[in-house]
Structure formats: structure tokens, C-alpha cells
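Undergrad: Enclosed is the structure file entry_4.pdb (PDB, C-alpha atoms).
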```
ATOM      1  CA  MET A   1     -19.992 -87.130 -55.146  1.00  0.00           C
ATOM      2  CA  LYS A   2     -18.747 -84.184 -57.227  1.00  0.00           C
ATOM      3  CA  THR A   3     -21.181 -81.904 -55.406  1.00  0.00           C
ATOM      4  CA  CYS A   4     -19.848 -82.998 -52.013  1.00  0.00           C
ATOM      5  CA  LEU A   5     -16.264 -82.424 -53.127  1.00  0.00           C
ATOM      6  CA  SER A   6     -17.154 -79.004 -54.517  1.00  0.00           C
ATOM      7  CA  ILE A   7     -18.811 -77.983 -51.249  1.00  0.00           C
ATOM      8  CA  LEU A   8     -15.852 -79.284 -49.252  1.00  0.00           C
ATOM      9  CA  PHE A   9     -13.460 -77.335 -51.467  1.00  0.00           C
ATOM     10  CA  VAL A  10     -15.449 -74.101 -51.026  1.00  0.00           C
ATOM     11  CA  PHE A  11     -15.510 -74.499 -47.227  1.00  0.00           C
ATOM     12  CA  THR A  12     -11.778 -75.234 -47.185  1.00  0.00           C
ATOM     13  CA  VAL A  13     -11.051 -72.078 -49.172  1.00  0.00           C
ATOM     14  CA  PHE A  14     -13.223 -69.967 -46.842  1.00  0.00           C
ATOM     15  CA  LEU A  15     -11.683 -71.458 -43.711  1.00  0.00           C
ATOM     16  CA  SER A  16      -8.134 -70.977 -44.919  1.00  0.00           C
ATOM     17  CA  ASN A  17      -8.876 -67.372 -45.897  1.00  0.00           C
ATOM     18  CA  ALA A  18     -10.669 -66.691 -42.606  1.00  0.00           C
ATOM     19  CA  GLN A  19      -7.523 -67.291 -40.580  1.00  0.00           C
ATOM     20  CA  ASN A  20      -5.366 -64.312 -39.817  1.00  0.00           C
ATOM     21  CA  LYS A  21      -1.967 -64.637 -41.445  1.00  0.00           C
ATOM     22  CA  ILE A  22       0.692 -63.399 -39.085  1.00  0.00           C
ATOM     23  CA  THR A  23       4.261 -63.380 -40.350  1.00  0.00           C
ATOM     24  CA  LEU A  24       7.554 -63.506 -38.486  1.00  0.00           C
ATOM     25  CA  THR A  25      10.173 -61.188 -39.970  1.00  0.00           C
ATOM     26  CA  PRO A  26      13.815 -60.604 -38.981  1.00  0.00           C
ATOM     27  CA  LYS A  27      12.549 -57.741 -36.783  1.00  0.00           C
ATOM     28  CA  GLY A  28       9.804 -59.785 -35.104  1.00  0.00           C
ATOM     29  CA  PHE A  29       6.191 -60.205 -36.043  1.00  0.00           C
ATOM     30  CA  GLU A  30       4.900 -57.827 -38.683  1.00  0.00           C
ATOM     31  CA  PRO A  31       4.844 -54.328 -37.278  1.00  0.00           C
ATOM     32  CA  ASN A  32       1.539 -53.689 -39.039  1.00  0.00           C
ATOM     33  CA  PRO A  33      -1.329 -54.535 -36.730  1.00  0.00           C
ATOM     34  CA  ILE A  34      -3.877 -57.178 -37.573  1.00  0.00           C
ATOM     35  CA  VAL A  35      -7.220 -55.474 -38.075  1.00  0.00           C
ATOM     36  CA  GLY A  36     -10.556 -57.178 -37.579  1.00  0.00           C
ATOM     37  CA  SER A  37     -14.208 -56.346 -37.269  1.00  0.00           C
ATOM     38  CA  LEU A  38     -16.297 -56.501 -34.125  1.00  0.00           C
ATOM     39  CA  PRO A  39     -20.023 -56.717 -33.600  1.00  0.00           C
ATOM     40  CA  GLN A  40     -21.656 -53.523 -32.343  1.00  0.00           C
ATOM     41  CA  MET A  41     -20.549 -53.079 -28.712  1.00  0.00           C
ATOM     42  CA  THR A  42     -19.601 -50.389 -26.266  1.00  0.00           C
ATOM     43  CA  ASN A  43     -16.013 -49.814 -25.210  1.00  0.00           C
ATOM     44  CA  GLU A  44     -16.902 -51.233 -21.792  1.00  0.00           C
ATOM     45  CA  LYS A  45     -18.210 -54.433 -23.397  1.00  0.00           C
ATOM     46  CA  PHE A  46     -15.065 -54.624 -25.541  1.00  0.00           C
ATOM     47  CA  ILE A  47     -12.812 -54.344 -22.475  1.00  0.00           C
ATOM     48  CA  GLU A  48     -14.924 -56.914 -20.590  1.00  0.00           C
ATOM     49  CA  GLY A  49     -14.904 -59.374 -23.500  1.00  0.00           C
ATOM     50  CA  THR A  50     -11.187 -58.993 -24.135  1.00  0.00           C
ATOM     51  CA  GLN A  51     -10.391 -59.554 -20.466  1.00  0.00           C
ATOM     52  CA  LEU A  52     -12.642 -62.637 -20.348  1.00  0.00           C
ATOM     53  CA  TRP A  53     -11.029 -64.054 -23.492  1.00  0.00           C
ATOM     54  CA  ALA A  54      -7.532 -63.482 -22.080  1.00  0.00           C
ATOM     55  CA  GLN A  55      -8.338 -65.288 -18.844  1.00  0.00           C
ATOM     56  CA  GLU A  56     -10.142 -68.179 -20.566  1.00  0.00           C
ATOM     57  CA  PHE A  57      -7.559 -68.630 -23.318  1.00  0.00           C
ATOM     58  CA  SER A  58      -4.616 -68.533 -20.900  1.00  0.00           C
ATOM     59  CA  GLN A  59      -6.468 -70.544 -18.245  1.00  0.00           C
ATOM     60  CA  GLY A  60      -6.318 -67.684 -15.756  1.00  0.00           C
ATOM     61  CA  GLU A  61      -2.629 -66.947 -16.285  1.00  0.00           C
ATOM     62  CA  ALA A  62      -2.824 -63.729 -18.319  1.00  0.00           C
ATOM     63  CA  ASP A  63      -1.480 -60.435 -17.021  1.00  0.00           C
ATOM     64  CA  ILE A  64      -3.604 -57.523 -18.202  1.00  0.00           C
ATOM     65  CA  SER A  65      -2.137 -54.022 -18.072  1.00  0.00           C
ATOM     66  CA  GLU A  66      -2.292 -50.575 -19.657  1.00  0.00           C
ATOM     67  CA  VAL A  67      -6.099 -50.698 -19.692  1.00  0.00           C
ATOM     68  CA  THR A  68      -7.733 -47.602 -21.137  1.00  0.00           C
ATOM     69  CA  GLU A  69     -11.316 -47.037 -22.210  1.00  0.00           C
ATOM     70  CA  ASN A  70     -10.664 -48.785 -25.560  1.00  0.00           C
ATOM     71  CA  SER A  71      -7.330 -50.639 -25.354  1.00  0.00           C
ATOM     72  CA  MET A  72      -5.206 -52.958 -23.255  1.00  0.00           C
ATOM     73  CA  THR A  73      -2.068 -55.054 -23.177  1.00  0.00           C
ATOM     74  CA  ILE A  74      -2.129 -58.784 -22.449  1.00  0.00           C
ATOM     75  CA  ASP A  75       0.902 -60.865 -21.460  1.00  0.00           C
ATOM     76  CA  ALA A  76       0.510 -64.637 -21.283  1.00  0.00           C
ATOM     77  CA  LEU A  77       2.404 -67.901 -21.699  1.00  0.00           C
ATOM     78  CA  ARG A  78       1.902 -70.517 -24.394  1.00  0.00           C
ATOM     79  CA  ASP A  79       3.303 -74.032 -23.996  1.00  0.00           C
ATOM     80  CA  ASN A  80       4.763 -75.767 -27.051  1.00  0.00           C
ATOM     81  CA  ALA A  81       4.617 -72.522 -29.019  1.00  0.00           C
ATOM     82  CA  PHE A  82       7.350 -73.542 -31.445  1.00  0.00           C
ATOM     83  CA  PHE A  83       9.769 -76.368 -32.056  1.00  0.00           C
ATOM     84  CA  TYR A  84      12.815 -77.469 -33.966  1.00  0.00           C
ATOM     85  CA  ARG A  85      14.516 -80.798 -34.554  1.00  0.00           C
ATOM     86  CA  ASN A  86      18.147 -81.686 -33.932  1.00  0.00           C
ATOM     87  CA  LEU A  87      19.687 -85.127 -34.418  1.00  0.00           C
ATOM     88  CA  GLY A  88      16.260 -86.738 -34.530  1.00  0.00           C
ATOM     89  CA  GLU A  89      15.056 -85.153 -31.307  1.00  0.00           C
ATOM     90  CA  THR A  90      12.302 -82.531 -31.204  1.00  0.00           C
ATOM     91  CA  PHE A  91      12.689 -79.562 -28.869  1.00  0.00           C
ATOM     92  CA  PHE A  92       9.539 -77.667 -27.863  1.00  0.00           C
ATOM     93  CA  HIS A  93       9.667 -74.196 -26.363  1.00  0.00           C
ATOM     94  CA  LYS A  94       7.229 -72.176 -24.320  1.00  0.00           C
ATOM     95  CA  VAL A  95       6.907 -68.454 -25.017  1.00  0.00           C
ATOM     96  CA  LYS A  96       5.606 -65.431 -23.224  1.00  0.00           C
ATOM     97  CA  TYR A  97       3.734 -63.295 -25.696  1.00  0.00           C
ATOM     98  CA  ARG A  98       2.314 -59.794 -25.618  1.00  0.00           C
ATOM     99  CA  ILE A  99      -0.797 -58.635 -27.409  1.00  0.00           C
ATOM    100  CA  LYS A 100      -1.767 -54.981 -27.614  1.00  0.00           C
ATOM    101  CA  ILE A 101      -5.384 -54.494 -28.635  1.00  0.00           C
ATOM    102  CA  PHE A 102      -7.075 -51.231 -29.576  1.00  0.00           C
ATOM    103  CA  LYS A 103     -10.760 -50.691 -30.477  1.00  0.00           C
ATOM    104  CA  GLU A 104     -12.012 -47.964 -32.767  1.00  0.00           C
ATOM    105  CA  GLY A 105     -15.660 -48.095 -33.754  1.00  0.00           C
ATOM    106  CA  ASN A 106     -16.528 -51.631 -34.851  1.00  0.00           C
ATOM    107  CA  ARG A 107     -12.916 -52.578 -35.576  1.00  0.00           C
ATOM    108  CA  TYR A 108      -9.976 -53.686 -33.515  1.00  0.00           C
ATOM    109  CA  SER A 109      -6.262 -53.615 -34.228  1.00  0.00           C
ATOM    110  CA  LEU A 110      -3.924 -56.066 -32.584  1.00  0.00           C
ATOM    111  CA  THR A 111      -0.156 -56.415 -32.450  1.00  0.00           C
ATOM    112  CA  PHE A 112       1.588 -59.613 -31.389  1.00  0.00           C
ATOM    113  CA  GLN A 113       5.111 -60.131 -30.120  1.00  0.00           C
ATOM    114  CA  VAL A 114       7.101 -62.846 -28.369  1.00  0.00           C
ATOM    115  CA  THR A 115       8.788 -61.333 -25.311  1.00  0.00           C
ATOM    116  CA  GLU A 116      10.398 -64.394 -23.691  1.00  0.00           C
ATOM    117  CA  ILE A 117      11.344 -67.949 -24.672  1.00  0.00           C
ATOM    118  CA  TYR A 118      11.599 -70.866 -22.252  1.00  0.00           C
ATOM    119  CA  ALA A 119      13.139 -74.320 -22.554  1.00  0.00           C
ATOM    120  CA  LYS A 120      11.066 -76.214 -20.006  1.00  0.00           C
ATOM    121  CA  LYS A 121      11.179 -73.764 -17.065  1.00  0.00           C
ATOM    122  CA  THR A 122      14.448 -72.056 -17.977  1.00  0.00           C
ATOM    123  CA  LEU A 123      14.297 -68.565 -19.468  1.00  0.00           C
ATOM    124  CA  LEU A 124      16.521 -68.423 -22.549  1.00  0.00           C
ATOM    125  CA  LYS A 125      18.532 -65.364 -23.525  1.00  0.00           C
ATOM    126  CA  SER A 126      17.509 -65.732 -27.168  1.00  0.00           C
ATOM    127  CA  ALA A 127      14.806 -63.848 -29.033  1.00  0.00           C
ATOM    128  CA  ILE A 128      12.501 -65.423 -31.606  1.00  0.00           C
ATOM    129  CA  THR A 129      14.329 -63.505 -34.340  1.00  0.00           C
ATOM    130  CA  ASP A 130      17.629 -65.181 -33.373  1.00  0.00           C
ATOM    131  CA  TYR A 131      16.407 -68.259 -35.264  1.00  0.00           C
ATOM    132  CA  LEU A 132      16.273 -66.309 -38.546  1.00  0.00           C
ATOM    133  CA  THR A 133      18.891 -64.919 -40.892  1.00  0.00           C
ATOM    134  CA  ALA A 134      18.935 -61.215 -41.790  1.00  0.00           C
ATOM    135  CA  ASP A 135      16.782 -61.916 -44.852  1.00  0.00           C
ATOM    136  CA  GLY A 136      14.126 -63.734 -42.806  1.00  0.00           C
ATOM    137  CA  LYS A 137      14.979 -67.309 -43.684  1.00  0.00           C
ATOM    138  CA  PRO A 138      15.389 -69.893 -40.921  1.00  0.00           C
ATOM    139  CA  LYS A 139      18.959 -70.572 -39.825  1.00  0.00           C
ATOM    140  CA  ASP A 140      20.348 -74.059 -40.440  1.00  0.00           C
ATOM    141  CA  GLY A 141      18.685 -76.584 -38.164  1.00  0.00           C
ATOM    142  CA  PHE A 142      15.793 -74.275 -37.304  1.00  0.00           C
ATOM    143  CA  GLN A 143      13.515 -74.711 -40.347  1.00  0.00           C
ATOM    144  CA  ASP A 144      10.510 -75.605 -38.150  1.00  0.00           C
ATOM    145  CA  VAL A 145      10.716 -72.526 -35.911  1.00  0.00           C
ATOM    146  CA  LYS A 146       9.176 -69.959 -38.273  1.00  0.00           C
ATOM    147  CA  PRO A 147       6.148 -72.005 -39.418  1.00  0.00           C
ATOM    148  CA  SER A 148       5.461 -73.370 -35.938  1.00  0.00           C
ATOM    149  CA  ILE A 149       5.555 -69.973 -34.166  1.00  0.00           C
ATOM    150  CA  GLU A 150       3.510 -68.378 -36.960  1.00  0.00           C
ATOM    151  CA  LYS A 151       0.929 -71.152 -36.560  1.00  0.00           C
ATOM    152  CA  THR A 152       0.797 -70.576 -32.794  1.00  0.00           C
ATOM    153  CA  ALA A 153       0.414 -66.810 -33.241  1.00  0.00           C
ATOM    154  CA  GLY A 154      -2.346 -67.434 -35.793  1.00  0.00           C
ATOM    155  CA  ILE A 155      -4.180 -69.729 -33.377  1.00  0.00           C
ATOM    156  CA  ILE A 156      -4.046 -67.082 -30.641  1.00  0.00           C
ATOM    157  CA  VAL A 157      -5.195 -64.247 -32.907  1.00  0.00           C
ATOM    158  CA  ASP A 158      -7.952 -66.368 -34.491  1.00  0.00           C
ATOM    159  CA  SER A 159      -9.170 -67.433 -31.060  1.00  0.00           C
ATOM    160  CA  TYR A 160      -9.515 -63.790 -30.062  1.00  0.00           C
ATOM    161  CA  ALA A 161     -11.367 -62.885 -33.270  1.00  0.00           C
ATOM    162  CA  ARG A 162     -13.825 -65.793 -32.903  1.00  0.00           C
ATOM    163  CA  TYR A 163     -14.409 -65.076 -29.217  1.00  0.00           C
ATOM    164  CA  MET A 164     -15.096 -61.387 -29.717  1.00  0.00           C
ATOM    165  CA  ASN A 165     -17.363 -61.952 -32.716  1.00  0.00           C
ATOM    166  CA  ASN A 166     -19.489 -64.276 -30.567  1.00  0.00           C
ATOM    167  CA  PHE A 167     -19.325 -62.190 -27.376  1.00  0.00           C
ATOM    168  CA  ARG A 168     -22.614 -60.633 -26.321  1.00  0.00           C
TER     169      ARG A 168
END
```
Let me see the file written as C-alpha cells.

TA:
Amino acid sequence: MKTCLSILFVFTVFLSNAQNKITLTPKGFEPNPIVGSLPQMTNEKFIEGTQLWAQEFSQGEADISEVTENSMTIDALRDNAFFYRNLGETFFHKVKYRIKIFKEGNRYSLTFQVTEIYAKKTLLKSAITDYLTADGKPKDGFQDVKPSIEKTAGIIVDSYARYMNNFR
């Protein structure tokens, strides 16, 4: 029994460390790009794989632009990207996000930003940083926004990393 628990603990530590930590700051998501490794592939294969991931992950709804020989920009929507609670009711919001990906050798760098926020189908005039104070703490009533949007961003970034590391 102790052996099984030890193995489970080790796997849990590896899995938690394997996820990309992406942090929301008062100025948006960290300006430093997330850097990851890629298997050996040509730039053409990188572009092909990234485009395939974008279309599969967004279920065909991604807009791909600014494509060069080793980079591109992806804009897509994510339902239920973050939430907050008010008077016992939970409010979920959809976001439009932008990922800029650049390949150099066997590494990629990726930046993530939220460009639009929707309540159901209505575009809101707020930015994701409007839910934070100047020191990066959630404003009153919006404690769930920061962890929920960071989790969503982490899921998106991790999905890309897994896809590209298995792309052949």
C-alpha cells in the first residue's frame, strides 16, 4: 500500500510540474513568453502542426494570421473561460484569446492574451485586467476570476504543448 501511495505521489508531482503556469497580472498575462521544447521538425511541419492543433482545439473556429516561415498568430473563442459568483449565482464568460507562437530550433515561445470578453453572446467593454486591483489581487466579488482564467489559459497552452510533442 505504501508503495502504491509513493508512486501516486511521484506521478502527481510530475504532472503538476509538467503543466505550464501562466499568470494573470494587472497588465494582462505575463509578458514573458512561455517556452517549450519540440521534437525535431522542419518549420513547415511546425506550421502545419500548429494550424492543425488550432483548428482541432477550437473545433474549426480559429482564425490564423500573420503566418511566416516559423511563426503565426491564432485567435479563437473559449466558452466558460472564467467565472465569478454574485449573490449565490455563478456567471460564466466566454473569451476571445490570442496566441502568438514562434519556433526557433527545437523550441517554441508562446504568448497568450485575452482580447475580448463575452457574457453569453454580448461583447463586454471590460478587459480581463478590470477584475484585478493595481497590485494584482482580485477585486471584491471577483475572487474566482483570476484562478479560473489562469486555469483556462493553462489548459490551452498545455494542449498545444502535448499536441506538438506528439505531432509527426

Undergrad: Can you list, as an NGL selection string, every protein, DNA or RNA residue that comes within 10 Å of Ile117 in chain A when you count only C-alpha atoms, leaving out same-chain residues fewer than 3 positions away?

TA: :A and (77-78 or 81-82 or 93-97 or 114 or 120-128)

Undergrad: Write out as a list in words the residues lying within 10 Å of Ala161 in chain A, counting only C-alpha atoms and excluding same-chain residues fewer than 4 positions away.

TA: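 Those residues are Gln19, Asn20, Val35, Gly36, Ser37, Leu38, Thr50, Trp53, Tyr108, Ile155, Ile156, Val157, Asn165, Asn166 and Phe167 of chain A.
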
Undergrad: Applied to this file, what does the PyMOL selection byres ((chain A and resi 76) around 10) return in terms of residues, put as number ranges by chain?

TA: A: 54-55, 57-64, 74-75, 77-78, 95-99, 114-115

Undergrad: Produce a file of the selected residues containing C-alpha atoms, as a compact mmCIF listing (two decimals), keeping the file's coordinate frame.

TA:
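File written: part-v4.txt
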```txt
# COMPACT_ATOMS: atom_id res chain seq x y z
CA ALA A 54 -7.53 -63.48 -22.08
CA GLN A 55 -8.34 -65.29 -18.84
CA PHE A 57 -7.56 -68.63 -23.32
CA SER A 58 -4.62 -68.53 -20.90
CA GLN A 59 -6.47 -70.54 -18.24
CA GLY A 60 -6.32 -67.68 -15.76
CA GLU A 61 -2.63 -66.95 -16.28
CA ALA A 62 -2.82 -63.73 -18.32
CA ASP A 63 -1.48 -60.44 -17.02
CA ILE A 64 -3.60 -57.52 -18.20
CA ILE A 74 -2.13 -58.78 -22.45
CA ASP A 75 0.90 -60.86 -21.46
CA LEU A 77 2.40 -67.90 -21.70
CA ARG A 78 1.90 -70.52 -24.39
CA VAL A 95 6.91 -68.45 -25.02
CA LYS A 96 5.61 -65.43 -23.22
CA TYR A 97 3.73 -63.30 -25.70
CA ARG A 98 2.31 -59.79 -25.62
CA ILE A 99 -0.80 -58.64 -27.41
CA VAL A 114 7.10 -62.85 -28.37
CA THR A 115 8.79 -61.33 -25.31
```

Undergrad: Applying the PyMOL selection byres ((chain A and resi 86-88) around 12) to the file I just gave you, which residues come out? Please list them as a PyMOL selection string.

TA: chain A and resi 83-85+89-92+140-145

Undergrad: Of the candidates A:Glu104, A:Phe112, A:Lys146, A:Asp79, which one gets nearest to Pro31 in chain A if we count all atoms listed in the file?

TA: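 Ranked by minimum distance to Pro31 in chain A, first place goes to A:Phe112.
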
Undergrad: How would you write, as a count of residues only, the residues chosen by the PyMOL selection byres ((chain A and resi 43) around 8) on this structure?

TA: 9

Undergrad: CA of Thr129 in chain A and CA of Lys100 in chain A, how far apart in Å?

TA: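 Interatomic distance here is 19.4 Å.
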
Undergrad: Work out where the centre of an axis-aligned box around every listed atom of range 159-164 of chain A lies and how long its edges are once 8 Å is added on each side; give both in Å to one decimal as AutoDock Vina command-line options.

TA:
```
--center_x -12.1 --center_y -64.4 --center_z -31.2 --size_x 21.9 --size_y 22.0 --size_z 20.1
```
